[in-house]
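Just below is one structure, and these are the notes that go with it.
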Amino acid sequence: MTTAPNEIGAEITFRDVHAAYGAIEVVHGVDLSVQAGEVFAILGPNGAGKSTLLKVASGRMAPSSGELMLDGRAVKRFSPDRFAHQGICAIPEGRAIFPNLSVRENLQMWTFQGGVSFSQVEERSYARFPRLGERRSQLAGTLSGGEQQMLAIARALVGEPRLLLLDELSMGLAPLVVAELYDTVAEIAATGMTVIVVEQFATMALRVATRAGIMTRGRLRFEGSPEEAAERSLASYLSD
């Protein structure tokens with residue numbers, strides 16, 4: 001792989017970032033800086049612009065105006081492959097695994113550029129997620145929702161990213177499974193990797209976050225500690 005090992009997380013900064021789908025603007029001037037090694041939780045209701053902001057952060061969408069900076073340098077060209085080379089990896093809502101490939105084949109897809117052996121990838125992945133090892137020959141589409149999310153995370157870690165973007169990790173999963181996945185997020189963050197997690201439901205995300213923000217109607221309305229974010233109930237920011 002051409003990405004650097006995550007000896008230190010990446011720093012990402014949004015400066016007055018706007019983003020739109022055609023003529024419809026959904027992100028309205030977000031200012032936010034996430035420091036290397038932080039776990040930043042972006043909370044808010046459906047339609048708040050959270051996932052769109054992650055699309056900008058991963059290079060899948062260029063801002064309509066404003067500036068994105070990585071490690072203090074302004075980004076001039078947006079594309080997922082360029083961002084991947086900078087050590088940025090996104091797990092979008094819906095996980096984006098290959099359902100007709102086995103667990104092993106899904107992991108192997110991410111080793112084609114070289115730099116890390118498939119045996120190393122399997123060893124790390126199954127050590128982190130033993131259930132994937134038990135199901136290594138099973139088609140990914142037949143895994144449970146939690147197991148599919150484990151596979152998505154394991155696959156994302158193949159390239160040793162410096163910034164991991166997680167979109168609605170808890171979507172459609174039982175609370176016990178979500179708790180297990182967020183334990184894994186905490187372990188990942190402990191290595192020094194920067195993590196941004198978007199969530200509609202706050203409890204688990206705030207448990208591992210070092211800072212948090214609340215988005216409503218395309219704007220970042222609040223930014224502070226997880227404890228301060230927890231004090232602002234879902235009802236309070238839905239009524240904004």
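Here's how to read the names in the structure tokens: chain A, B, ... by the order shown, residue numbers from 1 in each chain, ligand numbers from 1 in the order shown.
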Counting only C-alpha atoms, what is within 10 Å of His18 of chain A, bar same-chain residues fewer than 2 positions away, as JSON, numbers by chain?
{"A": [14, 15, 16, 20, 25, 26, 27, 28, 29, 30, 31, 52, 53, 56, 62, 63, 64, 65, 66, 67, 218, 219]}
Among segment 26-100 of chain A, which ones does DSSP place in strand (DSSP E), written as a list of chain:residue names?
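Taking segment 26-100 of chain A and keeping strand (DSSP E) only, one gets A:Val26, A:Val27, A:His28, A:Gly29, A:Val30, A:Asp31, A:Leu32, A:Ser33, A:Val34, A:Val39, A:Phe40, A:Ala41, A:Ile42, A:Leu43, A:Ser65, A:Gly66, A:Glu67, A:Leu68, A:Met69, A:Leu70, A:Arg73, A:Ala74, A:Ile88, A:Cys89, A:Ala90, A:Ile91.
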Please write the residues from the selection above to a file, keeping N, CA and C atoms, as an mmCIF file, in the first residue's frame.
```cif
data_model
loop_
_atom_site.group_PDB
_atom_site.id
_atom_site.type_symbol
_atom_site.label_atom_id
_atom_site.label_comp_id
_atom_site.auth_asym_id
_atom_site.auth_seq_id
_atom_site.Cartn_x
_atom_site.Cartn_y
_atom_site.Cartn_z
ATOM 1 N N VAL A 26 -26.862 21.599 1.581
ATOM 2 C CA VAL A 26 -27.211 20.851 2.786
ATOM 3 C C VAL A 26 -26.216 21.063 3.922
ATOM 4 N N VAL A 27 -25.044 21.606 3.629
ATOM 5 C CA VAL A 27 -24.077 21.991 4.658
ATOM 6 C C VAL A 27 -23.815 23.477 4.502
ATOM 7 N N HIS A 28 -24.029 24.223 5.580
ATOM 8 C CA HIS A 28 -24.031 25.684 5.499
ATOM 9 C C HIS A 28 -22.925 26.296 6.354
ATOM 10 N N GLY A 29 -21.706 26.268 5.869
ATOM 11 C CA GLY A 29 -20.634 27.003 6.528
ATOM 12 C C GLY A 29 -20.127 26.374 7.813
ATOM 13 N N VAL A 30 -19.637 25.139 7.740
ATOM 14 C CA VAL A 30 -19.113 24.447 8.922
ATOM 15 C C VAL A 30 -17.656 24.824 9.151
ATOM 16 N N ASP A 31 -17.356 25.217 10.373
ATOM 17 C CA ASP A 31 -15.984 25.451 10.826
ATOM 18 C C ASP A 31 -15.687 24.428 11.916
ATOM 19 N N LEU A 32 -14.657 23.617 11.685
ATOM 20 C CA LEU A 32 -14.333 22.559 12.633
ATOM 21 C C LEU A 32 -12.898 22.105 12.416
ATOM 22 N N SER A 33 -12.180 21.900 13.496
ATOM 23 C CA SER A 33 -10.830 21.348 13.429
ATOM 24 C C SER A 33 -10.750 20.138 14.345
ATOM 25 N N VAL A 34 -10.339 19.006 13.776
ATOM 26 C CA VAL A 34 -10.157 17.771 14.537
ATOM 27 C C VAL A 34 -8.665 17.474 14.550
ATOM 28 N N VAL A 39 -10.863 11.537 18.879
ATOM 29 C CA VAL A 39 -12.082 10.854 18.451
ATOM 30 C C VAL A 39 -13.190 11.882 18.549
ATOM 31 N N PHE A 40 -13.667 12.324 17.395
ATOM 32 C CA PHE A 40 -14.676 13.381 17.354
ATOM 33 C C PHE A 40 -16.006 12.785 16.908
ATOM 34 N N ALA A 41 -17.040 12.946 17.722
ATOM 35 C CA ALA A 41 -18.381 12.447 17.403
ATOM 36 C C ALA A 41 -19.233 13.592 16.879
ATOM 37 N N ILE A 42 -19.817 13.390 15.700
ATOM 38 C CA ILE A 42 -20.758 14.358 15.137
ATOM 39 C C ILE A 42 -22.158 13.787 15.286
ATOM 40 N N LEU A 43 -22.970 14.445 16.096
ATOM 41 C CA LEU A 43 -24.299 13.968 16.426
ATOM 42 C C LEU A 43 -25.346 14.852 15.769
ATOM 43 N N SER A 65 -18.205 25.592 -1.547
ATOM 44 C CA SER A 65 -17.344 26.717 -1.177
ATOM 45 C C SER A 65 -16.719 26.397 0.172
ATOM 46 N N GLY A 66 -15.737 27.198 0.547
ATOM 47 C CA GLY A 66 -14.997 26.918 1.766
ATOM 48 C C GLY A 66 -13.758 26.097 1.475
ATOM 49 N N GLU A 67 -13.086 25.668 2.534
ATOM 50 C CA GLU A 67 -11.792 25.014 2.384
ATOM 51 C C GLU A 67 -11.664 23.843 3.340
ATOM 52 N N LEU A 68 -11.087 22.766 2.832
ATOM 53 C CA LEU A 68 -10.735 21.612 3.651
ATOM 54 C C LEU A 68 -9.222 21.530 3.720
ATOM 55 N N MET A 69 -8.688 21.293 4.920
ATOM 56 C CA MET A 69 -7.251 21.201 5.104
ATOM 57 C C MET A 69 -6.904 19.879 5.761
ATOM 58 N N LEU A 70 -5.846 19.235 5.277
ATOM 59 C CA LEU A 70 -5.331 18.000 5.854
ATOM 60 C C LEU A 70 -3.904 18.248 6.301
ATOM 61 N N ARG A 73 -2.482 21.573 5.295
ATOM 62 C CA ARG A 73 -2.385 21.943 3.882
ATOM 63 C C ARG A 73 -3.756 21.930 3.225
ATOM 64 N N ALA A 74 -4.033 22.962 2.452
ATOM 65 C CA ALA A 74 -5.327 23.058 1.789
ATOM 66 C C ALA A 74 -5.460 21.985 0.712
ATOM 67 N N ILE A 88 -6.650 8.321 4.540
ATOM 68 C CA ILE A 88 -8.019 8.559 4.973
ATOM 69 C C ILE A 88 -8.897 7.422 4.472
ATOM 70 N N CYS A 89 -9.651 6.811 5.375
ATOM 71 C CA CYS A 89 -10.518 5.702 5.009
ATOM 72 C C CYS A 89 -11.900 5.929 5.596
ATOM 73 N N ALA A 90 -12.934 5.720 4.792
ATOM 74 C CA ALA A 90 -14.310 5.922 5.234
ATOM 75 C C ALA A 90 -15.075 4.610 5.192
ATOM 76 N N ILE A 91 -15.885 4.386 6.216
ATOM 77 C CA ILE A 91 -16.861 3.297 6.206
ATOM 78 C C ILE A 91 -18.226 3.954 6.112
#
```
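Excluding Glu199 of chain A itself and same-chain residues fewer than 3 positions from it, the residues having an atom within 8 Å of it are Ala41, Ile42, Leu43, Gly44, Asp167, Glu168, Leu169, Ser170, Ala202 and Ala205 of chain A, counting only C-alpha atoms.
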Could you please determine the separation between atom CA of Val177 of chain A and atom CA of Gly146 of chain A in Å, to one decimal place?
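Atom CA of Val177 of chain A sits 6.1 Å away from atom CA of Gly146 of chain A.
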Sort by chain and increasing residue number a table of all residues of segment 69-139 of chain A within 6 Å of segment 149-160 of chain A, each with its closest pair of atoms and their distance in Å to one decimal, counting only C-alpha atoms, and write it as JSON lines.
```
{"residue": "A:Arg95", "atom": "CA", "partner": "A:Ala152", "partner_atom": "CA", "distance": 5.8}
{"residue": "A:Leu107", "atom": "CA", "partner": "A:Arg155", "partner_atom": "CA", "distance": 5.5}
{"residue": "A:Ser125", "atom": "CA", "partner": "A:Ala154", "partner_atom": "CA", "distance": 5.5}
```
Counting only C-alpha atoms, what is within 6 Å of segment 129-145 of chain A, bar same-chain residues fewer than 6 positions away, as a count of residues only?
6
Can you list, as number ranges by chain, every residue of segment 2-210 of chain A that DSSP puts in helix (DSSP H, G or I)?
A: 50-57, 80-85, 103-111, 118-128, 130-134, 140-142, 145-159, 175-189, 203-208
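The shortest atom-to-atom distance to Phe98 of chain A, with only C-alpha atoms taken into account, belongs to A:Gln148 out of A:Tyr21, A:Pro175, A:Gln148, A:Arg77.
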When you draw a straight line from atom CA of Leu164 of chain A to atom CA of Arg211 of chain A, how long is it in Å?
15.4 Å
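Between atom CA of Gly9 of chain A and atom CA of Asp71 of chain A lies a distance of 9.3 Å.
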Which of A:Thr210, A:Asn46, A:Ser79, A:Asn106 sits closest to Ser225 of chain A [using only C-alpha atoms]
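Among the listed residues, A:Thr210 lies closest to Ser225 of chain A.
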Using only C-alpha atoms, the best pick from A:Pro226, A:Gly172, A:Gly94, A:Pro45 as closest to Met204 of chain A would be A:Pro226
